$ cat upload-v9.cif   # mmCIF, C-alpha atoms (C1' of nucleotides)
data_run
loop_
_atom_site.label_atom_id
_atom_site.label_comp_id
_atom_site.auth_asym_id
_atom_site.auth_seq_id
_atom_site.Cartn_x
_atom_site.Cartn_y
_atom_site.Cartn_z
CA MET N 21 27.46 -24.61 17.23
CA THR N 22 30.93 -24.84 15.77
CA PRO N 23 32.27 -21.30 15.74
CA SER N 24 32.41 -19.94 12.23
CA PRO N 25 35.50 -18.16 10.99
CA GLY N 26 35.72 -14.42 10.74
CA ARG N 27 35.08 -11.64 13.16
CA PRO N 28 32.24 -12.46 15.57
CA ARG N 29 29.15 -10.29 15.60
CA LEU N 30 28.82 -7.56 18.15
CA ALA N 31 25.59 -6.09 16.94
CA SER N 32 22.35 -8.00 16.72
CA GLN N 33 18.84 -7.46 15.46
CA GLU N 34 17.65 -7.56 19.05
CA LEU N 35 19.96 -4.82 20.28
CA LEU N 36 19.02 -2.54 17.43
CA GLN N 37 15.34 -3.26 17.91
CA GLU N 38 15.41 -2.49 21.61
CA ALA N 39 17.10 0.81 20.95
CA ALA N 40 14.72 1.59 18.12
CA PHE N 41 11.47 0.83 19.94
CA GLU N 42 12.61 2.86 22.90
CA LEU N 43 13.31 5.85 20.69
CA PHE N 44 10.08 5.37 18.73
CA GLN N 45 8.11 5.53 21.98
CA LEU N 46 10.03 8.55 23.10
CA ARG N 47 10.10 10.75 20.00
CA GLY N 48 8.00 8.98 17.42
CA TYR N 49 9.01 7.05 14.35
CA ARG N 50 9.72 9.93 12.01
CA ARG N 51 11.78 11.96 14.40
CA THR N 52 13.98 8.97 15.13
CA SER N 53 16.79 8.69 12.64
CA VAL N 54 18.66 5.54 11.73
CA GLU N 55 21.77 7.27 13.00
CA GLN N 56 20.20 7.72 16.43
CA ILE N 57 19.06 4.12 16.59
CA ALA N 58 22.48 2.82 15.68
CA LYS N 59 24.32 5.11 18.08
CA THR N 60 21.94 4.28 20.92
CA ALA N 61 22.59 0.59 20.37
CA GLY N 62 26.31 1.39 20.28
CA PHE N 63 26.98 0.90 16.59
CA SER N 64 27.35 2.86 13.41
CA ARG N 65 24.76 3.71 10.82
CA ALA N 66 26.43 1.37 8.36
CA THR N 67 26.00 -1.53 10.74
CA PHE N 68 22.28 -0.84 10.98
CA PHE N 69 21.97 -1.45 7.26
CA ASN N 70 23.87 -4.70 7.62
CA PHE N 71 20.92 -5.96 9.65
CA PHE N 72 17.92 -4.22 8.17
CA SER N 73 17.37 -3.03 4.66
CA SER N 74 15.34 -0.09 5.92
CA LYS N 75 14.00 1.58 9.03
CA ALA N 76 10.58 0.21 8.20
CA GLU N 77 11.82 -3.35 7.99
CA LEU N 78 13.02 -3.20 11.57
CA PHE N 79 9.56 -2.05 12.53
CA TRP N 80 7.96 -5.19 11.08
CA VAL N 81 10.38 -8.03 11.91
CA GLU N 82 8.27 -9.52 14.67
CA THR N 83 5.13 -9.17 12.59
CA ASP N 84 6.83 -10.85 9.66
CA ALA N 85 7.64 -13.81 11.88
CA LEU N 86 3.97 -14.01 12.83
CA ILE N 87 2.86 -13.91 9.21
CA ASP N 88 5.38 -16.62 8.48
CA SER N 89 3.90 -18.84 11.13
CA LEU N 90 0.45 -18.22 9.65
CA ARG N 91 1.77 -19.21 6.25
CA GLU N 92 3.20 -22.44 7.63
CA PHE N 93 -0.02 -23.20 9.44
CA LEU N 94 -2.10 -22.72 6.31
CA GLU N 95 0.27 -24.82 4.23
CA GLY N 96 -0.07 -27.54 6.84
CA ARG N 97 -3.86 -27.47 6.72
CA LEU N 98 -3.88 -27.45 2.94
CA ALA N 99 -1.69 -30.55 2.89
CA GLU N 100 -4.23 -32.51 4.94
CA PRO N 101 -6.43 -35.04 3.19
CA GLU N 102 -9.56 -33.01 3.85
CA PRO N 103 -8.49 -29.37 4.23
CA PRO N 104 -10.82 -27.16 6.23
CA THR N 105 -12.25 -24.05 4.62
CA LEU N 106 -10.08 -20.98 4.91
CA ARG N 107 -12.50 -19.48 7.40
CA GLU N 108 -12.31 -22.55 9.63
CA ALA N 109 -8.54 -22.68 9.39
CA LEU N 110 -8.24 -19.03 10.33
CA LEU N 111 -10.46 -19.46 13.36
CA VAL N 112 -8.34 -22.35 14.58
CA TYR N 113 -5.15 -20.38 14.04
CA ALA N 114 -6.56 -17.32 15.76
CA ASP N 115 -7.29 -19.46 18.78
CA THR N 116 -3.61 -20.26 19.15
CA LEU N 117 -2.48 -16.65 19.33
CA ASP N 118 -1.27 -15.46 22.68
CA SER N 119 -2.77 -12.16 23.65
CA ALA N 120 0.44 -11.27 25.47
CA ALA N 121 2.73 -11.88 22.50
CA ILE N 122 1.41 -9.36 20.03
CA PRO N 123 4.30 -7.84 18.07
CA TRP N 124 5.32 -4.40 19.15
CA ALA N 125 4.54 -3.03 15.72
CA LEU N 126 0.94 -4.23 15.87
CA GLN N 127 0.42 -2.96 19.38
CA ASN N 128 1.60 0.40 18.17
CA TYR N 129 -0.01 0.32 14.77
CA ARG N 130 -1.26 3.85 15.23
CA LEU N 131 2.28 5.02 14.60
CA LEU N 132 1.64 4.16 10.95
CA GLU N 133 -0.49 7.18 10.35
CA ALA N 134 2.32 9.65 10.51
CA ALA N 135 4.87 7.88 8.36
CA ASP N 136 4.77 7.18 4.67
CA ASP N 137 7.28 4.39 4.62
CA LEU N 138 5.45 2.59 7.40
CA VAL N 139 2.17 2.72 5.51
CA ALA N 140 3.92 1.36 2.45
CA SER N 141 5.59 -1.48 4.25
CA GLY N 142 2.43 -2.21 6.20
CA ALA N 143 0.46 -2.33 2.98
CA SER N 144 2.89 -4.77 1.48
CA ARG N 145 2.37 -7.04 4.50
CA VAL N 146 -1.36 -6.87 3.94
CA LEU N 147 -0.87 -7.75 0.31
CA GLY N 148 1.27 -10.68 1.40
CA ILE N 149 -1.52 -11.98 3.62
CA ASN N 150 -3.90 -11.52 0.72
CA ARG N 151 -1.66 -13.66 -1.45
CA LEU N 152 -1.63 -16.34 1.25
CA PHE N 153 -5.40 -16.42 1.19
CA GLN N 154 -5.47 -16.51 -2.59
CA ARG N 155 -3.20 -19.51 -2.64
CA TYR N 156 -5.23 -21.30 -0.01
CA LEU N 157 -8.48 -20.74 -1.85
CA GLN N 158 -6.88 -21.76 -5.10
CA GLY N 159 -5.66 -24.97 -3.54
CA GLY N 160 -8.94 -25.88 -1.87
CA GLU N 161 -11.24 -25.45 -4.82
CA ASP N 162 -10.10 -24.91 -8.36
CA ARG N 163 -13.55 -24.61 -9.82
CA ALA N 164 -14.14 -20.94 -9.08
CA ASP N 165 -13.53 -18.07 -11.45
CA ARG N 166 -10.18 -16.43 -10.86
CA VAL N 167 -11.62 -12.98 -10.29
CA VAL N 168 -14.25 -14.23 -7.90
CA LEU N 169 -11.57 -16.09 -5.99
CA HIS N 170 -9.42 -12.98 -5.77
CA GLY N 171 -12.45 -11.08 -4.60
CA GLU N 172 -13.10 -13.61 -1.87
CA ALA N 173 -9.48 -13.40 -0.76
CA ALA N 174 -9.57 -9.61 -0.68
CA ALA N 175 -12.78 -9.59 1.29
CA LEU N 176 -11.38 -12.06 3.80
CA THR N 177 -8.21 -10.02 4.12
CA GLY N 178 -10.27 -6.99 4.99
CA LEU N 179 -12.34 -8.92 7.51
CA VAL N 180 -9.36 -10.51 9.21
CA LEU N 181 -7.62 -7.16 9.45
CA THR N 182 -10.67 -5.56 10.96
CA ALA N 183 -10.96 -8.30 13.57
CA LEU N 184 -7.25 -8.11 14.35
CA LEU N 185 -7.27 -4.38 14.93
CA ALA N 186 -10.42 -4.58 17.03
CA TRP N 187 -8.78 -7.30 19.09
CA ILE N 188 -5.69 -5.21 19.65
CA ASP N 189 -7.73 -2.14 20.52
CA ALA N 190 -9.64 -4.11 23.10
CA GLY N 191 -6.57 -3.88 25.33
CA VAL N 192 -5.69 -6.21 28.18
CA GLY N 193 -8.35 -8.75 28.87
CA ARG N 194 -9.10 -8.73 25.20
CA GLY N 195 -9.74 -12.43 25.22
CA ARG N 196 -9.15 -14.61 22.21
CA LEU N 197 -8.76 -13.30 18.69
CA SER N 198 -10.96 -16.15 17.47
CA ARG N 199 -13.94 -14.58 19.24
CA HIS N 200 -13.50 -11.26 17.45
CA LEU N 201 -12.88 -13.05 14.19
CA ALA N 202 -15.98 -15.18 14.52
CA SER N 203 -18.20 -12.17 15.07
CA VAL N 204 -16.82 -10.45 11.97
CA LEU N 205 -16.97 -13.48 9.69
CA MET K 16 -12.00 35.77 -14.30
CA THR K 17 -10.72 39.13 -13.03
CA PRO K 18 -6.94 38.91 -13.16
CA SER K 19 -5.49 38.52 -9.70
CA PRO K 20 -2.53 40.62 -8.66
CA GLY K 21 0.97 39.29 -8.55
CA ARG K 22 3.09 37.44 -11.06
CA PRO K 23 1.01 35.14 -13.28
CA ARG K 24 1.65 31.41 -13.24
CA LEU K 25 3.84 29.88 -15.86
CA ALA K 26 3.88 26.35 -14.55
CA SER K 27 0.77 24.22 -14.13
CA GLN K 28 -0.14 20.84 -12.77
CA GLU K 29 -0.93 19.74 -16.30
CA LEU K 30 2.47 20.64 -17.73
CA LEU K 31 4.27 18.90 -14.93
CA GLN K 32 2.07 15.83 -15.24
CA GLU K 33 2.61 15.50 -18.95
CA ALA K 34 6.34 15.64 -18.48
CA ALA K 35 6.19 13.22 -15.59
CA PHE K 36 4.04 10.55 -17.24
CA GLU K 37 6.20 10.66 -20.32
CA LEU K 38 9.31 10.09 -18.25
CA PHE K 39 7.63 7.41 -16.15
CA GLN K 40 6.77 5.50 -19.33
CA LEU K 41 10.28 5.92 -20.61
CA ARG K 42 12.46 5.13 -17.61
CA GLY K 43 10.09 4.03 -14.88
CA TYR K 44 8.92 5.83 -11.79
CA ARG K 45 11.93 5.30 -9.59
CA ARG K 46 14.51 6.24 -12.13
CA THR K 47 12.69 9.48 -12.84
CA SER K 48 13.75 12.22 -10.45
CA VAL K 49 11.74 15.26 -9.51
CA GLU K 50 14.57 17.31 -10.96
CA GLN K 51 14.13 15.62 -14.34
CA ILE K 52 10.38 16.11 -14.33
CA ALA K 53 10.69 19.78 -13.51
CA LYS K 54 13.42 20.41 -16.06
CA THR K 55 11.52 18.55 -18.78
CA ALA K 56 8.47 20.71 -18.13
CA GLY K 57 10.75 23.73 -18.21
CA PHE K 58 10.80 24.64 -14.55
CA SER K 59 12.89 24.21 -11.46
CA ARG K 60 12.70 21.57 -8.80
CA ALA K 61 11.42 24.14 -6.32
CA THR K 62 8.49 24.92 -8.58
CA PHE K 63 7.54 21.27 -8.68
CA PHE K 64 7.04 21.32 -4.94
CA ASN K 65 4.88 24.41 -5.26
CA PHE K 66 2.39 22.23 -7.11
CA PHE K 67 2.77 18.80 -5.59
CA SER K 68 3.77 17.87 -2.09
CA SER K 69 5.53 14.76 -3.38
CA LYS K 70 6.33 12.78 -6.49
CA ALA K 71 3.68 10.26 -5.47
CA GLU K 72 0.98 12.90 -5.18
CA LEU K 73 1.45 13.84 -8.81
CA PHE K 74 0.98 10.19 -9.68
CA TRP K 75 -2.46 10.08 -8.07
CA VAL K 76 -4.07 13.46 -8.90
CA GLU K 77 -6.43 12.09 -11.53
CA THR K 78 -7.32 9.15 -9.35
CA ASP K 79 -8.02 11.46 -6.44
CA ALA K 80 -10.46 13.36 -8.61
CA LEU K 81 -12.21 10.09 -9.41
CA ILE K 82 -12.42 9.13 -5.75
CA ASP K 83 -13.81 12.56 -5.04
CA SER K 84 -16.56 12.06 -7.57
CA LEU K 85 -17.37 8.71 -5.98
CA ARG K 86 -17.60 10.42 -2.61
CA GLU K 87 -20.00 13.00 -3.95
CA PHE K 88 -22.09 10.34 -5.61
CA LEU K 89 -22.38 8.34 -2.41
CA GLU K 90 -23.23 11.41 -0.37
CA GLY K 91 -25.96 12.16 -2.90
CA ARG K 92 -27.46 8.69 -2.61
CA LEU K 93 -27.29 8.77 1.16
CA ALA K 94 -29.20 12.04 1.21
CA GLU K 95 -32.11 10.50 -0.67
CA PRO K 96 -35.27 9.61 1.23
CA GLU K 97 -34.72 5.89 0.63
CA PRO K 98 -30.99 5.34 0.12
CA PRO K 99 -30.02 2.24 -1.85
CA THR K 100 -27.73 -0.31 -0.28
CA LEU K 101 -24.04 0.38 -0.74
CA ARG K 102 -23.79 -2.50 -3.18
CA GLU K 103 -26.60 -1.11 -5.32
CA ALA K 104 -25.17 2.37 -5.23
CA LEU K 105 -21.75 1.11 -6.29
CA LEU K 106 -23.18 -0.81 -9.22
CA VAL K 107 -24.98 2.29 -10.44
CA TYR K 108 -21.86 4.39 -10.09
CA ALA K 109 -19.73 1.79 -11.83
CA ASP K 110 -22.11 1.94 -14.75
CA THR K 111 -21.34 5.63 -15.25
CA LEU K 112 -17.59 5.13 -15.57
CA ASP K 113 -16.16 5.66 -18.99
CA SER K 114 -13.81 2.91 -20.00
CA ALA K 115 -11.75 5.41 -21.96
CA ALA K 116 -11.24 7.82 -19.08
CA ILE K 117 -9.37 5.64 -16.61
CA PRO K 118 -6.72 7.70 -14.81
CA TRP K 119 -3.21 7.16 -16.05
CA ALA K 120 -2.14 5.96 -12.62
CA LEU K 121 -4.74 3.19 -12.59
CA GLN K 122 -3.96 2.10 -16.12
CA ASN K 123 -0.36 1.79 -15.05
CA TYR K 124 -0.95 0.44 -11.59
CA ARG K 125 1.72 -2.18 -12.11
CA LEU K 126 4.28 0.58 -11.66
CA LEU K 127 3.40 0.45 -7.97
CA GLU K 128 5.28 -2.74 -7.38
CA ALA K 129 8.68 -1.23 -7.73
CA ALA K 130 8.24 1.89 -5.65
CA ASP K 131 7.75 2.17 -1.93
CA ASP K 132 6.24 5.61 -1.89
CA LEU K 133 3.72 4.63 -4.54
CA VAL K 134 2.56 1.66 -2.52
CA ALA K 135 2.21 3.89 0.50
CA SER K 136 0.23 6.55 -1.27
CA GLY K 137 -1.84 3.93 -3.06
CA ALA K 138 -2.63 2.28 0.24
CA SER K 139 -3.77 5.55 1.71
CA ARG K 140 -6.18 5.94 -1.23
CA VAL K 141 -7.55 2.49 -0.53
CA LEU K 142 -7.99 3.41 3.11
CA GLY K 143 -9.82 6.54 2.00
CA ILE K 144 -12.25 4.48 -0.06
CA ASN K 145 -12.69 2.20 2.90
CA ARG K 146 -13.64 5.19 5.04
CA LEU K 147 -16.18 6.25 2.42
CA PHE K 148 -17.80 2.85 2.64
CA GLN K 149 -17.76 2.92 6.42
CA ARG K 150 -19.55 6.23 6.46
CA TYR K 151 -22.12 5.06 3.96
CA LEU K 152 -22.89 1.92 5.93
CA GLN K 153 -23.00 3.89 9.13
CA GLY K 154 -25.51 6.30 7.63
CA GLY K 155 -27.75 3.65 6.12
CA GLU K 156 -28.19 1.43 9.12
CA ASP K 157 -27.07 2.33 12.60
CA ARG K 158 -28.15 -0.89 14.19
CA ALA K 159 -25.06 -2.93 13.38
CA ASP K 160 -22.12 -3.52 15.66
CA ARG K 161 -19.25 -1.16 14.86
CA VAL K 162 -16.73 -3.90 14.28
CA VAL K 163 -19.06 -5.86 12.04
CA LEU K 164 -19.72 -2.70 10.07
CA HIS K 165 -16.02 -2.02 9.68
CA GLY K 166 -15.59 -5.59 8.58
CA GLU K 167 -18.28 -5.23 5.95
CA ALA K 168 -16.65 -2.06 4.69
CA ALA K 169 -13.24 -3.70 4.50
CA ALA K 170 -14.64 -6.70 2.67
CA LEU K 171 -16.42 -4.47 0.17
CA THR K 172 -13.26 -2.43 -0.34
CA GLY K 173 -11.40 -5.59 -1.20
CA LEU K 174 -14.11 -6.73 -3.58
CA VAL K 175 -14.41 -3.40 -5.37
CA LEU K 176 -10.66 -3.21 -5.77
CA THR K 177 -10.51 -6.69 -7.21
CA ALA K 178 -13.24 -5.88 -9.71
CA LEU K 179 -11.59 -2.62 -10.65
CA LEU K 180 -8.22 -4.19 -11.34
CA ALA K 181 -9.79 -7.04 -13.31
CA TRP K 182 -11.67 -4.47 -15.35
CA ILE K 183 -8.53 -2.53 -16.09
CA ASP K 184 -6.61 -5.68 -16.95
CA ALA K 185 -9.32 -6.65 -19.41
CA GLY K 186 -7.93 -4.02 -21.77
CA VAL K 187 -9.80 -2.31 -24.56
CA GLY K 188 -13.23 -3.70 -25.09
CA ARG K 189 -13.37 -4.30 -21.38
CA GLY K 190 -17.01 -3.38 -21.26
CA ARG K 191 -18.62 -1.87 -18.23
CA LEU K 192 -17.12 -1.95 -14.76
CA SER K 193 -20.55 -2.73 -13.38
CA ARG K 194 -20.44 -6.14 -15.06
CA HIS K 195 -17.17 -7.08 -13.38
CA LEU K 196 -18.39 -5.68 -10.11
CA ALA K 197 -21.62 -7.63 -10.24
CA SER K 198 -19.83 -10.91 -10.78
CA VAL K 199 -17.55 -10.30 -7.80
CA LEU K 200 -20.24 -9.11 -5.42
"C1'" DA Q 8 54.17 -18.01 15.94
"C1'" DT Q 9 52.81 -16.35 11.64
"C1'" DA Q 10 50.34 -16.00 7.49
"C1'" DT Q 11 45.86 -16.38 5.31
"C1'" DA Q 12 41.07 -16.57 4.61
"C1'" DT Q 13 36.77 -15.00 6.28
"C1'" DT Q 14 33.52 -12.15 8.22
"C1'" DA Q 15 32.04 -7.74 10.96
"C1'" DT Q 16 32.29 -3.09 11.55
"C1'" DT Q 17 32.97 1.32 9.99
"C1'" DA Q 18 34.04 5.84 7.57
"C1'" DG Q 19 32.83 8.39 4.02
"C1'" DA Q 20 31.05 9.63 -0.41
"C1'" DC Q 21 27.09 9.75 -3.23
"C1'" DT Q 22 21.95 10.25 -5.06
"C1'" DG Q 23 17.53 11.73 -4.38
"C1'" DA Q 24 13.31 13.21 -1.66
"C1'" DG Q 25 11.45 16.65 0.90
"C1'" DT Q 26 11.80 21.17 3.79
"C1'" DC Q 27 12.93 25.82 4.25
"C1'" DT Q 28 14.60 30.56 3.55
"C1'" DA Q 29 15.75 34.29 1.12
"C1'" DA Q 30 16.34 36.47 -3.31
"C1'" DT Q 31 14.44 37.89 -7.60
"C1'" DA Q 32 10.83 38.48 -11.26
"C1'" DA Q 33 6.39 39.84 -13.11
"C1'" DA Q 34 2.27 41.56 -12.78
"C1'" DG Q 35 -1.67 45.26 -10.92
"C1'" DA Q 36 -2.89 49.39 -8.15
"C1'" DG Q 37 -1.98 53.88 -6.47
"C1'" DC E 5 7.59 55.14 -10.38
"C1'" DT E 6 6.60 52.86 -6.06
"C1'" DC E 7 4.23 49.49 -3.44
"C1'" DT E 8 2.00 45.18 -2.88
"C1'" DT E 9 1.20 40.65 -4.14
"C1'" DT E 10 2.28 36.34 -5.97
"C1'" DA E 11 5.47 33.02 -8.81
"C1'" DT E 12 9.72 31.23 -9.58
"C1'" DT E 13 14.10 30.02 -8.24
"C1'" DA E 14 18.79 29.08 -6.05
"C1'" DG E 15 20.75 27.01 -2.58
"C1'" DA E 16 21.38 25.00 1.88
"C1'" DC E 17 19.92 21.49 4.88
"C1'" DT E 18 18.30 16.67 6.94
"C1'" DC E 19 17.59 12.15 6.30
"C1'" DA E 20 17.11 7.44 3.88
"C1'" DG E 21 19.33 4.26 1.34
"C1'" DT E 22 23.42 2.55 -1.67
"C1'" DC E 23 28.07 1.60 -2.32
"C1'" DT E 24 33.13 1.10 -1.86
"C1'" DA E 25 37.10 0.62 0.42
"C1'" DA E 26 39.51 0.36 4.74
"C1'" DT E 27 40.18 -1.85 9.09
"C1'" DA E 28 39.40 -5.19 12.92
"C1'" DA E 29 38.74 -9.66 14.94
"C1'" DT E 30 38.40 -14.27 14.67
"C1'" DA E 31 39.55 -19.46 12.92
"C1'" DT E 32 42.57 -22.38 10.57
"C1'" DA E 33 46.61 -24.01 8.20
"C1'" DT E 34 51.42 -24.19 8.13
#
$ encode --input "upload-v9.cif" --output "structure tokens"
Amino acid sequence: MTPSPGRPRLASQELLQEAAFELFQLRGYRRTSVEQIAKTAGFSRATFFNFFSSKAELFWVETDALIDSLREFLEGRLAEPEPPTLREALLVYADTLDSAAIPWALQNYRLLEAADDLVASGASRVLGINRLFQRYLQGGEDRADRVVLHGEAAALTGLVLTALLAWIDAGVGRGRLSRHLASVL
Amino acid sequence: MTPSPGRPRLASQELLQEAAFELFQLRGYRRTSVEQIAKTAGFSRATFFNFFSSKAELFWVETDALIDSLREFLEGRLAEPEPPTLREALLVYADTLDSAAIPWALQNYRLLEAADDLVASGASRVLGINRLFQRYLQGGEDRADRVVLHGEAAALTGLVLTALLAWIDAGVGRGRLSRHLASVL
DNA sequence: ATATATTATTAGACTGAGTCTAATAAAGAG
DNA sequence: CTCTTTATTAGACTCAGTCTAATAATATAT
């Protein structure tokens, strides 16, 4: 950690997030302005946009990290000599998820309903997961028709999402995601 | 058609749409402002919002009509003494679709990529279709577990969407949607 | 110490979406 | 002509997101 030149950071993603989630709980996503978030964290609006490209992006950071870890996991499996099927891989990954470490955004996914930009950004995350699945299926078996493969990916995306939301809704003592996923698959 | 009291309409959804789609083609969705659309159609910005609650809503009107007709079709099938499975019903409906009457928004669905609000509003249409499927499945067979049923609906939504986009991408001479749908299901 | 390069923070102006209110315009009914 | 009803519009407002230019705080070189 050699100190880099230039003015050191005062703000941080974490500080802004804490302020934001608190305000979201309190007044809802829409009625919380970027200005309020920044001021609550002790910074200016301009600084907010140095850290996040939009209000919605802040909402999803933790979830994006989770999706990233899923991507890495799948890439790892695909690199193995005998890659498991996507379904098998997903079940294994789901077993590793800690019920206590669900991203704030996912725990509060019902906030989506009221806000356009959240739906949009959420949808683009779903599409990203769909692309992950497409790539995995493409890598495993290149015999299938492209459209059929895309269909399979889309269907799996829908199933995984359903299981995930059911798991979250189950509340504390929800058990393992892999159980929910298995029953849906 | 007895004339209603009050000032008669000058503007119409159709006029605004024509202006809008022309501008969207020309400069893209994002670079076309509501102000430009309204002025091109010969009206003011305020009038635009008398007809559409948002720029994105204008984009989807034709598609919404299509989804509505699908809803009615499914409700009709479900009311029959021996309702077909959802898959069967969808294949029949897909066979009725005219390849030449695809909504402008669907033909140009690639415009979505660049615009947040379009993705959001598109996603909410997809969720609407998903709800249609959920209701149909719920009505047909009430034995299944709720989560499994939701999973089935989500999977079907993904499959139908895949088939639809492949059909559109196939261009003129694309044949019947039912053919694409059958191969994906 | 002092100057310089580098990076962080910020103010402030700008566009554009969407909301809202109040004014005006165009019709029919009495 | 007056009243009622509805359409159109101007204009002000909030907020998100973009951008530029100014300033502040640090490390390093001299």
$ interface_residues --input "upload-v9.cif" --of "chain K" --to "chain Q" --cutoff "9 Å" --atoms "all atoms listed in the file" --output "PDB file with C-alpha atoms, keeping the file's coordinate frame"
ATOM      1  CA  PRO K  18      -6.940  38.910 -13.160  1.00  0.00           C
ATOM      2  CA  SER K  19      -5.490  38.520  -9.700  1.00  0.00           C
ATOM      3  CA  PRO K  20      -2.530  40.620  -8.660  1.00  0.00           C
ATOM      4  CA  GLY K  21       0.970  39.290  -8.550  1.00  0.00           C
ATOM      5  CA  ARG K  22       3.090  37.440 -11.060  1.00  0.00           C
ATOM      6  CA  PRO K  23       1.010  35.140 -13.280  1.00  0.00           C
ATOM      7  CA  SER K  48      13.750  12.220 -10.450  1.00  0.00           C
ATOM      8  CA  VAL K  49      11.740  15.260  -9.510  1.00  0.00           C
ATOM      9  CA  PHE K  64       7.040  21.320  -4.940  1.00  0.00           C
ATOM     10  CA  SER K  68       3.770  17.870  -2.090  1.00  0.00           C
ATOM     11  CA  SER K  69       5.530  14.760  -3.380  1.00  0.00           C
ATOM     12  CA  LYS K  70       6.330  12.780  -6.490  1.00  0.00           C
TER      13      LYS K  70
END
$ resolve_selection --input "upload-v9.cif" --expression "the PyMOL selection byres ((chain E) within 12 of (chain K))" --output "JSON, numbers by chain"
{"E": [7, 8, 9, 10, 11, 12, 13, 14, 15]}
$ resolve_selection --input "upload-v9.cif" --expression "the PyMOL selection byres ((chain N) within 9 of (chain K))" --output "NGL selection string"
:N and (136-144 or 167-183 or 186 or 200 or 203-205)
$ residues_around --input "upload-v9.cif" --residues "segment 79-89 of chain N" --least-positions-apart "2" --cutoff "10 Å" --atoms "all atoms listed in the file" --output "MDAnalysis selection string"
chainID N and resid 33 37 40:41 44 49 72 74:77 91:95 113 117 121:126 138 141:142 145:146 148:149 152
$ axis_aligned_box --input "upload-v9.cif" --around "segment 7-19 of chain E" --padding-each-side "5 Å" --output "lines of an AutoDock Vina configuration file"
center_x = 11.3
center_y = 30.8
center_z = -1.3
size_x = 30.2
size_y = 47.3
size_z = 26.5
$ atom_distance --input "upload-v9.cif" --atom1 "atom CA of Pro101 of chain N" --atom2 "atom CA of Gly159 of chain N"
12.1 Å
$ atom_distance --input "upload-v9.cif" --atom1 "atom CA of Ala56 of chain K" --atom2 "atom CA of Glu33 of chain K"
7.9 Å
